[in-house]
Structures are given as C-alpha cells and as structure tokens.
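Let me begin by presenting the structure, written as structure tokens, before commenting on it.
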Amino acid sequence: MIEINGRADLLSMNIPELEEFLASLGEPKYRAKQIFAWMHKGASLDEMTNLSKKLRETLAERAVVNLPTVEQKLVSKLDGTVKYLFGLWDGNVIESVFMRYKHGNTICISSEVGCPMGCRFCASTIGGLVRRLTPSELLGQVIAAERNMGERISNIVMMGIGEPLDNFDNVLKFLSLVGDPNGLNIGSRHISLSTCGLVDKIDELAKHDLQITLSISLHAADDETRSSIMPVNNKWKIAELLEACRRYFAVTGRRISFEYTLIAGKNDSPDYAQRLANTLRHGLLRNSQPFPIHVNLIPVNEVAETGFVRSSQDAVKRFSQVLEKNGINATVRRKLGADINASCGQLRRAKLAGDAASENVDEN
C-alpha cells in the first residue's frame, strides 16, 4: 500500500484494494465503489456526502486523496491550449498540457518529477530525476484538469516530463485505474505512451498486450548521431530498438509511431531523411512481415541550455517528402500553445529558477 506522510494513498487504489482497506476499518465493501467514483470526479473527503460523517473523519485520519494543486495556469490566445504547473504534496512541481482537437480533449501528462534519460534537446531532463510519480499523481493530473476546465478529457498522451517506462509499475497501475468504467473510463486505445527506447521495458510492456499506442522517440538514423543526443542509445543501439518494436507489434498488432525531432544542421537534411528511411525499412520490414511505419516530425523546441535551432519550414517539408517517396507515412506535429511555451519542461524550469533566485535574495 502506498502511503503519504503515514496515511494511505486512496487514489492509488483500485476497487478491490479499497474494499480491503475499508474492511480493515470495519466498513462494508460497497463503500469502495462510492469512494472510487467520488475521487475520480475530483471530490475531497468532505464532499463525499453519501458517506457518514464518522467514516469521513476516520478516512481523514487514516488516508488521503492525493490530488495536485494548480500552481500556475497559462491559456493560449492562439488556440486555447492550457498549460498547467501542478504542485505535489511534497512541494515538487510537474507540467501537464490540455489540448482541444476535433476528436475530443487531450491531456499530455508527466510521469516523473524530472527525468533520468539526459536527452540533450529536452528541457525536462535538465537537473535529472527527482522522483517517480505514484499512480495517484499520474491520475490526479487528468482529474485536476477535468475539474478545473469543467470539460471531459477523452484522450491521454504520456509525453510530458519523465520517461514512462522508467516508472513501469506505477504507469501500469495508472493505465488500469484510468480505464476503470467506475471512474474516468478512458480506454487504452485513447492513450499514447512515449518512450526514448528502454528495450527491456518495451518487451515487458508487450507481455501485457495493452491496446495503447506506443511512440518511440527515435530522433536519429544512425547510432553515432543518436548517441550524441540520447544517452540511452549507448545501452541499446538502434538495431536493438527496432527489433524490440518488431516484437512488440507481433504481440499486440498495434501500430508504433516514431517521433523524430528535427534539429537544424544536425539531422534535417534530405540525405539524412533518406538515411532514416533506409534505417527504418531495414530494421522493420523483414521476412515479408508487415509493419506500418509512421514518423511524426517535430521541429525542435528551442531551449537556451541546448543551443539547438529549429529546422526551417522548407527543411521540414523536404525531409517529409523524402520519407513519403520511400513509402513511409510522415506527418508534422501541429504546434499548439506556441505563445505559452506549451512544450514540456520550460514552466517547471522557470519555477525552479525563480525559487532559487528567491532563496539567494533571502540569504543576502
């Protein structure tokens, strides 16, 4: 059982676990579904009005409903995208982004406080990993955003701060909780999970045969280039990663999307696009087995600490055309919330920098 300051973390529990916990308090099992439903609406213990006052008092003593607080909220004037800086119970902060699409509202959530992967183009990993998020903290981002916006969220992308597969067990628990029909009821087919390529965890994920969409952060066509911007490639080379993708597809039958960040002068030339096409075809299309290849092109988000520069629109177009000529489906990610720095990690970095500046002022 997960605890927060010595009290049970109710929101990290599924219904059977809630039943067991309530039984230890001498309460009937049916209370579990009531509490579960209330929590997934964002209700506090005091708001659970169909519970007796005595039970609510007992729960307040023994347990906690762990929802994040809205520390900062930025709303794009361009497209209505909303970026949240959520505060956690221990003072840490994470980011989530609420986006509107024709097919429904989507939230991009964080999976860790900070990130251990060290990808050079990413603001989220500056400062490394602080800690992994609990199932309640993963789920809480969705619940808090729904409650704050007053709108239902129907799709989730796990592409925020952190590496989801580095927080494997908690992420699996979250996927189970968020899909429960007694709660948010967001099915796996409406969830995308992005990984920088932890091969052992991709194989482990395949065993669970979930219907989520797996996205691979590839960002390079050769090991030398990928290792220079993604330290994970020093452990698992591109060939090993693509082989894991083949195994995953063979088990799940679910299409894998390859994310590719375009960095000016680094990996965005037409010749390099041809190299990427060759790498993908060689690594994935073997033994006459089908493998639908989709590449999501993402002009790099310019972060002061990295020095990387976004590719021009013409460069992005040429790169995409080369992939298409090679029979590889390529799309360019639509940039939402450009006026609020909706890309991951920047709001948290600004908050941390501000706190550090305040501490320095206080000391002087």
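Residues are referred to by chain and number: the chain letter is A, B, ... according to the order shown in the structure tokens, the number counts from 1 in that chain, and ligands are numbered separately from 1 in the order shown.
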For the contact check between range 215-241 of chain A and range 162-178 of chain A, emit one row per residue of range 215-241 of chain A within 12 Å, containing the shortest atom pair and the distance in Å rounded to one decimal, counting only C-alpha atoms, chain then rising number order, as a tab-separated table.
residue	atom	partner	partner_atom	distance
A:Ser215	CA	A:Pro164	CA	11.1
A:Ile216	CA	A:Glu163	CA	11.3
A:Ser217	CA	A:Glu163	CA	10.6
A:Val232	CA	A:Glu163	CA	11.2
Would you output that residue set with C-alpha atoms, as a PDB file, in the first residue's frame?
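What landed in again-v3.pdb:
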ATOM      1  CA  SER A 215       5.521   6.059 -29.551  1.00  0.00           C
ATOM      2  CA  ILE A 216       9.272   5.699 -29.906  1.00  0.00           C
ATOM      3  CA  SER A 217      11.447   8.797 -29.565  1.00  0.00           C
ATOM      4  CA  VAL A 232      20.019   5.698 -23.877  1.00  0.00           C
TER       5      VAL A 232
END
If you run DSSP on the backbone here, which positions in range 4-81 of chain A get strand (DSSP E or B)? Please write them as JSON, numbers by chain.
{"A": [4, 7, 8, 9, 63, 64, 69, 70, 71, 72, 73, 74, 75]}
For Val316 in chain A, list every protein, DNA or RNA residue within 9 Å, evaluated using only C-alpha atoms, and leave out those in the same chain fewer than 5 positions away; present the list as a list in words.
Leu262, Asp268, Ser269, Leu297, Ile298, Pro299, Ser311, Gln321 and Val332 of chain A
Need the shell around range 283-294 of chain A: protein/DNA/RNA residues with any atom at most 8 Å away, counting only C-alpha atoms. Skip same-chain ones fewer than 4 positions apart. Format as a list in words?
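The contact residues come out as Ala239, Leu242, Glu243, Cys245, Arg246, Phe249, Arg255, Ile256, Ser257, Phe258, Thr279, Ile328, Asn329, Ala330 and Thr331 of chain A.
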Please produce an output containing C-alpha atoms for each residue in the selection, written as a short mmCIF file (atom, residue, chain, number, x, y, z; two decimals), in the first residue's frame.
data_model
loop_
_atom_site.label_atom_id
_atom_site.label_comp_id
_atom_site.auth_asym_id
_atom_site.auth_seq_id
_atom_site.Cartn_x
_atom_site.Cartn_y
_atom_site.Cartn_z
CA ALA A 239 19.00 -2.03 -34.43
CA LEU A 242 13.79 -1.57 -33.88
CA GLU A 243 13.93 -5.31 -33.24
CA CYS A 245 9.49 -2.75 -31.94
CA ARG A 246 9.04 -5.69 -34.29
CA PHE A 249 3.98 -5.28 -32.98
CA ARG A 255 0.94 0.46 -34.85
CA ILE A 256 4.01 2.15 -33.40
CA SER A 257 4.66 5.82 -34.07
CA PHE A 258 8.24 7.06 -34.39
CA THR A 279 17.26 2.51 -41.38
CA ILE A 328 6.94 5.99 -45.20
CA ASN A 329 3.95 7.88 -43.84
CA ALA A 330 5.15 11.14 -42.31
CA THR A 331 3.25 13.90 -40.55
#
Please give the complete set of residues from range 44-276 of chain A that DSSP, run on the backbone, assigns to alpha helix (DSSP H), formatted as a ChimeraX atom specification.
/A:53-62,135-149,168-178,199-208,223-229,238-252,270-276
Between CA of Arg310 in chain A and CA of Lys102 in chain A, what distance in Å does the model show, to one decimal?
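Atom-to-atom, CA of Arg310 in chain A and CA of Lys102 in chain A are spaced 27.4 Å apart.
Put simply, CA of Arg31 in chain A is 21.8 Å away from CA of Ile4 in chain A.
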Residue neighbourhood Asp271 in chain A, 12 Å, only C-alpha atoms, exclusion window fewer than 2 positions, as a count of residues only
19
Non-local contacts of Leu184 in chain A (12 Å; only C-alpha atoms; under 6 positions in same chain excluded) as a ChimeraX atom specification
/A:36-42,139-140,142-144,146-147,152-156,174-178
Store the residues of this selection in a file with C-alpha atoms, as a PDB file, in the first residue's frame.
ATOM      1  CA  PHE A  36     -13.753   5.417  -6.084  1.00  0.00           C
ATOM      2  CA  ALA A  37     -16.375   7.312  -8.108  1.00  0.00           C
ATOM      3  CA  TRP A  38     -16.116  10.399  -5.894  1.00  0.00           C
ATOM      4  CA  MET A  39     -12.319  10.522  -6.123  1.00  0.00           C
ATOM      5  CA  HIS A  40     -12.315  10.246  -9.891  1.00  0.00           C
ATOM      6  CA  LYS A  41     -14.597  13.288 -10.020  1.00  0.00           C
ATOM      7  CA  GLY A  42     -12.022  15.222  -8.014  1.00  0.00           C
ATOM      8  CA  LEU A 139      -4.221  10.018 -12.415  1.00  0.00           C
ATOM      9  CA  GLY A 140      -4.507  13.271 -10.485  1.00  0.00           C
ATOM     10  CA  VAL A 142      -6.224  14.139 -15.524  1.00  0.00           C
ATOM     11  CA  ILE A 143      -8.762  14.595 -12.719  1.00  0.00           C
ATOM     12  CA  ALA A 144      -7.490  18.042 -11.698  1.00  0.00           C
ATOM     13  CA  GLU A 146     -11.037  17.979 -15.911  1.00  0.00           C
ATOM     14  CA  ARG A 147     -12.289  19.606 -12.724  1.00  0.00           C
ATOM     15  CA  ARG A 152     -14.311  15.839 -20.164  1.00  0.00           C
ATOM     16  CA  ILE A 153     -10.914  14.567 -21.260  1.00  0.00           C
ATOM     17  CA  SER A 154     -11.158  11.637 -23.662  1.00  0.00           C
ATOM     18  CA  ASN A 155      -7.524  11.115 -24.704  1.00  0.00           C
ATOM     19  CA  ILE A 156      -4.216  10.920 -22.845  1.00  0.00           C
ATOM     20  CA  PHE A 174      -2.388   4.143 -13.692  1.00  0.00           C
ATOM     21  CA  LEU A 175      -3.475   2.630 -17.009  1.00  0.00           C
ATOM     22  CA  SER A 176      -5.678   0.198 -15.121  1.00  0.00           C
ATOM     23  CA  LEU A 177      -7.170   2.904 -12.905  1.00  0.00           C
ATOM     24  CA  VAL A 178      -7.869   5.416 -15.660  1.00  0.00           C
TER      25      VAL A 178
END
Nearest to Arg226 in chain A: which of A:Ile212, A:Ala23, A:Val82, A:Cys119 is it, counting only C-alpha atoms?
A:Cys119
Shell around range 9-21 of chain A at 6 Å using only C-alpha atoms, local window under 5 positions removed, as a ChimeraX atom specification:
/A:2-3,29,32,64-65,135-136
Let's have the selection written as a PDB file, in the first residue's frame, with C-alpha atoms.
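In the end it all went to selection_33.pdb:
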ATOM      1  CA  ILE A   2       1.317   3.427  -0.974  1.00  0.00           C
ATOM      2  CA  GLU A   3       1.403   5.926   1.873  1.00  0.00           C
ATOM      3  CA  LYS A  29     -17.371  -3.413   0.570  1.00  0.00           C
ATOM      4  CA  ALA A  32     -15.396   1.189  -2.185  1.00  0.00           C
ATOM      5  CA  VAL A  64      -5.577  10.971   1.948  1.00  0.00           C
ATOM      6  CA  VAL A  65      -6.986  11.761  -1.505  1.00  0.00           C
ATOM      7  CA  PRO A 135      -0.421   6.158  -9.656  1.00  0.00           C
ATOM      8  CA  SER A 136      -2.471   8.829  -7.850  1.00  0.00           C
TER       9      SER A 136
END
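Straight-line separation from CA of Tyr260 in chain A to CA of Arg247 in chain A: 21.0 Å.
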Using only C-alpha atoms: which of A:Lys54, A:Arg120, A:Lys317, A:His208 has the shortest distance to Thr225 in chain A:
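Smallest separation from Thr225 in chain A among the options: A:Arg120.
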Using only C-alpha atoms, which residue out of A:Leu55, A:Met48, A:Leu280, A:Ala60 lies closest to Ala8 in chain A?
A:Ala60
Option closest in space to Lys325 in chain A, from A:Pro270, A:Ser24, A:Asp46, A:Val251 [counting only C-alpha atoms]:
A:Pro270
